[in-house]
Structure formats: C-alpha cells, structure tokens
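*Asks:* Take a look at this one; I'll ask things after.
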Amino acid sequence: MCNQEDKIFIAGHKGLLGSAILNQLNDEGFCNLITADKSQLELTDFVAVDMFFAENKPDIVFLAAGKVGGIVGNKTYPADFLRINLAIQYAVFEAAHKHNTRHVLFYGSSCTYPKFCPQPMKESDWLTGAIEETSMGYAAAKIAGIVAAKSYNAQFGYNKFICLIPNSIYGPNDNFDLENSHVLSSLIRRFYEAKIHELPEVVLWGSGTPKREFVHARDVASASLFALRHTEHLENVHYNIGSGEDISIKELAETIAGIIGYDGKLVWDETKPDGAPRKLLDCDKFLALGWKRNIDFDKGLKSTCTWLKENYDTIRIS
C-alpha cells in the first residue's frame, strides 16, 4: 500500500530507473519525496545509511541505486560490481528493517538466470543452472539481494521487501559510457558519434546473434507503483518485468544505425564474447495481477535516440 503523503526515498534518483520513478511519482501527485546524491549520502557506508534512515524515517524506499554496466564493464571490473552492490544492499536492507520502513522495492537482474535457460525464462527457472561468467560478480550480488529480500520477509513475517527482475532497462537519462553502459545505450552513442565524425565503420563486439529483451524505464516505474498498490496480492517471490519481445544484437545495431542515420559499415569482432545466447523473461505471473505494459519498443527506441541527440553535451558518462 502507498498514498500521496507517504515519505518516499528514491535511492539513485539521478540514474535511468531512479529518474523515471521520480518523474512517475511527481506526475501522480506524491508530495513527500526524499532524494540524496552521492555527495549527500554514500550508500555503501553502513553507518551513514543507518543515520539517514534514523533521521528521515522513510515509509517506502525504491532501491534504484547500484553499479550497473554491460559486458565490457562486467568483464573488466567484476570485483567492483560485486563489492559495491553488496554493500549498498546490505546497508539499505538492514536500515529499512531497523527503522520500520514499510516497503522496499528491490530490483534484481535477468543475468541471475542460467546462461542456457529455457526461453522465455520463468521465475521457477531461477538458480537451476550456471550463470553467464562475464557477469558473475554483478549477478552474484543481485542473487544475494533477492535471497536477502525473501529471507527478511520470511524470518520477520512481513512483506516489506518487494523484488522485481526487469530485463535490460533503457530510456532517457541512461548511462552512455562506452565501456560501462548496457548494449543499447552504448550502441546509440557509438553510432551518433560515428555519424558526426563521419567514421567509415564501427567495430562491435561478438557475433551479433544473441537476442535481448529491452523494457523502458517508464514501464518499470509503472510496474513498481503497481506492485506497491497491490502488496496484499504479492507472494514472497520475485516477479519478472519485461516487454514480451526480444531482438538480436545485430538487428538492434542495424535499427539504431538507421534511426541515427549512420550509413557506414558494421564490423563484428567475433573474438569478443557474446554473453548468454538469449534472455527473454516470462512475465505472465506479474501480468496476471493486472499490470499492463505501455511503451512500444520501436517508439521507445526512437525517442531514446532523439533524447541522446538533444542532450548529447550533458549525457551521463560514468
């Protein structure tokens, strides 16, 4: 349950998902919103987070903060992905438990499913096989977070922690760092820069054959508020959130190049890893509760490309 007067903390409010949640809450008239950037609150600092919760007493927390990235970042900095996400989750979960936060929205990742999982991936497929090695550090942290959420709920007899697993999130205000961003945002920036610099070709990692599902940040924000409004129907499980369709990386690259207007050559470096062959989520469990998707992928992708063009000088790179 939630209402307009609830004190709501959006952790990671400047990021892709956090900013979408903040906009959704503002649009729906929530009036008691709490935000804190890294200069105000270091979420990996257990003591600082405990003091922040003691002072602010949030009723609801959206934990949209964390270290995220694509295959390059995960392969290069696995310890950072593990350490930072584990620290944030531990600090926020324990503070929320200690200071009687009513609900925490926690977001897992589709990379916590087995690398060669049956498609589409059902919640019951979780932890039934080995995960993709290139994202092992990040996946391990997210697995720990999902297990922690279920464990707190089970041990203390409440439904405080709500766990959603969205597939690859995209949209305005994404991280467009070429090494540390997800594939979709990285491709948008690479093709835009290739166009403005008139580069004859763009070299891309892997074979282009893996298929990925992308869900717009606004749909994940919508699903999050829907979950809060229907807590009495939620089980102590995680729920998949996706768009219901996937696309090969090659087709995605060609589509983005077309939207951007880049007509150079696409070169696939097959010495680089592909990652999991396919990651499509089965969302029937959450859809059965009554939530509906709103963002068409073609329109969402075009609007994200347009956003990058219009905001290129101030895009987030980290």
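Each chain of the structure tokens is named A, B, ... in the order shown, its residues numbered from 1; ligands are numbered from 1 in display order.
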Please, which residues of stretch 71-148 of chain A, numbered as in this document, come out helix (DSSP H, G or I) from DSSP, as a ChimeraX atom specification?

*Replies:* /A:71-76,78-98,110-112,123-125,133-148

*Asks:* Could I get the residues of stretch 232-296 of chain A with an atom no further than 7 Å from an atom of stretch 218-221 of chain A, each paired with its nearest atom pair and that distance in Å to one decimal, using only C-alpha atoms, sorted by chain and residue number, as CSV?

*Replies:*
residue,atom,partner,partner_atom,distance
A:Arg293,CA,A:Asp219,CA,6.1
A:Asn294,CA,A:Asp219,CA,6.4
A:Ile295,CA,A:Asp219,CA,6.6

*Asks:* Produce a file of the selected residues containing all heavy atoms, as an mmCIF file, in the first residue's frame.

*Replies:*
data_model
loop_
_atom_site.group_PDB
_atom_site.id
_atom_site.type_symbol
_atom_site.label_atom_id
_atom_site.label_comp_id
_atom_site.auth_asym_id
_atom_site.auth_seq_id
_atom_site.Cartn_x
_atom_site.Cartn_y
_atom_site.Cartn_z
ATOM 1 N N ARG A 293 1.790 -3.322 -19.833
ATOM 2 C CA ARG A 293 2.882 -2.565 -20.435
ATOM 3 C C ARG A 293 2.320 -1.402 -21.248
ATOM 4 O O ARG A 293 1.223 -1.493 -21.801
ATOM 5 C CB ARG A 293 3.717 -3.461 -21.345
ATOM 6 C CG ARG A 293 4.166 -4.778 -20.728
ATOM 7 C CD ARG A 293 4.935 -5.596 -21.752
ATOM 8 N NE ARG A 293 5.364 -6.893 -21.250
ATOM 9 C CZ ARG A 293 4.769 -8.046 -21.517
ATOM 10 N NH1 ARG A 293 3.691 -8.064 -22.291
ATOM 11 N NH2 ARG A 293 5.238 -9.179 -21.032
ATOM 12 N N ASN A 294 3.112 -0.322 -21.354
ATOM 13 C CA ASN A 294 2.630 0.855 -22.072
ATOM 14 C C ASN A 294 3.529 1.315 -23.210
ATOM 15 O O ASN A 294 3.060 1.978 -24.136
ATOM 16 C CB ASN A 294 2.457 2.030 -21.088
ATOM 17 C CG ASN A 294 1.369 1.781 -20.072
ATOM 18 O OD1 ASN A 294 0.231 1.513 -20.438
ATOM 19 N ND2 ASN A 294 1.709 1.854 -18.792
ATOM 20 N N ILE A 295 4.822 0.993 -23.158
ATOM 21 C CA ILE A 295 5.779 1.582 -24.088
ATOM 22 C C ILE A 295 6.112 0.618 -25.215
ATOM 23 O O ILE A 295 6.711 -0.444 -24.988
ATOM 24 C CB ILE A 295 7.080 1.993 -23.368
ATOM 25 C CG1 ILE A 295 6.768 2.833 -22.125
ATOM 26 C CG2 ILE A 295 7.990 2.754 -24.323
ATOM 27 C CD1 ILE A 295 6.052 4.124 -22.402
#

*Asks:* Hey, which of A:Gly29, A:Gly157, A:Pro58, A:Pro200 ends up closest to A:Ile10? Count only C-alpha atoms.

*Replies:*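 Of A:Gly29, A:Gly157, A:Pro58, A:Pro200, the one nearest A:Ile10 is A:Pro58, counting only C-alpha atoms.
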
*Asks:* Give the answer as one residue: which of A:Gly258, A:Gly206, A:Pro114, A:Gly300 has the shortest atom-to-atom distance to A:Glu133, using only C-alpha atoms?

*Replies:*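 Looking only at the distances to A:Glu133, the closest residue turns out to be A:Pro114.
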
*Asks:* Could you please determine the separation between atom CA of A:Gly66 and atom CA of A:Asn85 in Å, to one decimal place?

*Replies:* 5.5 Å
